[in-house]
Amino acid sequence: MSSGKSASIHNYGHGGAGITLSWGSSALAVRETLGMEHREAAVIGSGVMGLTSARLLQDAGWKVTIYTRDMARHTTSNVAGGEWGPYSAHDPDVSSNAFKSQLQFAAKISHHAFTNLGGPDYGIHWTELYTLSDQPFSDSDDQFADLYPYKKDLSPDEHPFPSRYVRSVLTMMVEPATFLRRLTESFLQAGGKFVIRTFDDKTELLSLAEPVIFNCTGLGAGKLFGDEEITPAKGQLVFMPPDPAVDYLTIGGGNSNLYMFSRSDVLLLGGTFKIGDYTTHAEPAETARIVAEHQRIFSGFD
Ligand SMILES: Cc1cc2nc3c(=O)[nH]c(=O)nc-3n(C[C@H](O)[C@H](O)[C@H](O)COP(=O)(O)OP(=O)(O)OC[C@H]3O[C@@H](n4cnc5c(N)ncnc54)[C@H](O)[C@@H]3O)c2cc1C
């Protein structure tokens with residue numbers, strides 16, 4: 001983590017769970033400053049990781065400037081689905097035990113933080129999530145089970161879904177646009193400053209005046225720090241007008257990566273999870289698949 005600066009602290013690479021893990025991962029990043037005498041930091045990036053890192057630093061008495069190519073509403077964070085779920089951040093088959101326990105720690109911190117911020121101000125509410133499957137659920141290796149206290153497996157006469165196995169849990173929904181806007185406001189209220197700037201390489205970044213740098217550039221980190229391990233996972237969503245009558249979320253029920261998230265600003269259908277795909281355009285065939293699979297799931301509903 002150290003360089004010619006006092007420190008460069010990296011906080012990127014959260015897969016499909018960056019919103020979920022934001023407070024916890026940023027708390028781990030800020031913990032790296034323990035023992036430092038500096039109180040001035042540059043945070044690079046204004047997505048959920050940059051903003052939560054910046055807010056935690058400010059709370060600890062640091063003066064923070066966020067340098068960013070894009071303001072929050074133009075980031076990946078702003079288009080996230082927003083379901084609170086720490087599952088798709090890593091591949092459990094290859095991650096080390098040390099990584100898993102760090103992830104568990106981050107998930108717990110984050111869960112606690114989001115719970116405390118619940119309500120319309122930060123765009124966070126509790127909601128029922130139904131997981132639909134044709135295979136029985138296995139709990140044996142679920143390291144996050146204690147973060148889902150209200151869990152119930154439903155028998156076929158208790159649900160209307162065309163899936164053999166249905167599990168209901170209570171989780172949180174984070175509305176990214178509201179959450180990011182609120183973080184931006186509180187960052188400014190606490191004296192933070194934004195500088196719009198694109199860094200083309202690491203040298204440029206390390207020439208900043210601030211002694212401590214938090215690298216929260218998401219996918220941009222690959223180019224900036226030459227990290228060849230960071231890999232994109234392309235997600236495609238279908239946005240529809242909000243439907244207040246739908247007060248729950250679903251995951252699964254079809255061939256791959258299906259989810260329906262009902263939010264106050266939008267009802268969204270997902271999705272895709274294409275590892276290694278850097279493109280950002282919507283693919284009409286995927287849109288058709290996502291819609292058709294959800295039509296099948298919900299066709300028996302009134
Ligand atoms: C379709 C989809 C659905 C998702 N659903 C969920 C979900 O339901 N729940 C969940 O928890 N997560 C979800 N995610 C994952 C989540 O969106 C990401 O993990 C998270 O947004 C990453 O945040 P970040 O701050 O690291 O990166 P970003 O939001 O990408 O922000 C990066 C920042 O760095 C800046 N930057 C980059 N390069 C440079 C540079 N060279 N110079 C200056 N600035 C730079 C950018 O301008 C930006 O401000 C989803 C993602 C997608 C795509």
# chains A, B, ... in the order shown; residues from 1 in each chain; ligands from 1

$ residues_around --residues "Tyr165 in chain A" --least-positions-apart "5" --cutoff "10 Å" --atoms "only C-alpha atoms" --output "MDAnalysis selection string"
chainID A and resid 130:137 153:156 159 253

$ residues_around --residues "Gly222 in chain A" --least-positions-apart "4" --cutoff "12 Å" --atoms "only C-alpha atoms" --output "MDAnalysis selection string"
chainID A and resid 10 12:13 200:202 215:218 226:232 278

$ residues_near_ligand --ligand "ligand 1" --cutoff "7 Å" --atoms "only C-alpha atoms and all ligand atoms" --output "MDAnalysis selection string"
chainID A and resid 12:21 44:50 67:72 75:86 197:200 216:221 224 234:237 271

$ residues_around --residues "Thr33 in chain A" --least-positions-apart "4" --cutoff "9 Å" --atoms "only C-alpha atoms" --output "list in words"
Ala7, Ile9, Ala29, Glu37, His38 and Val212 of chain A

$ select_by_dssp --residues "range 1-208 of chain A" --states "alpha helix (DSSP H)" --output "PyMOL selection string"
chain A and resi 18-31+48-59+97-116+176-189+202-206
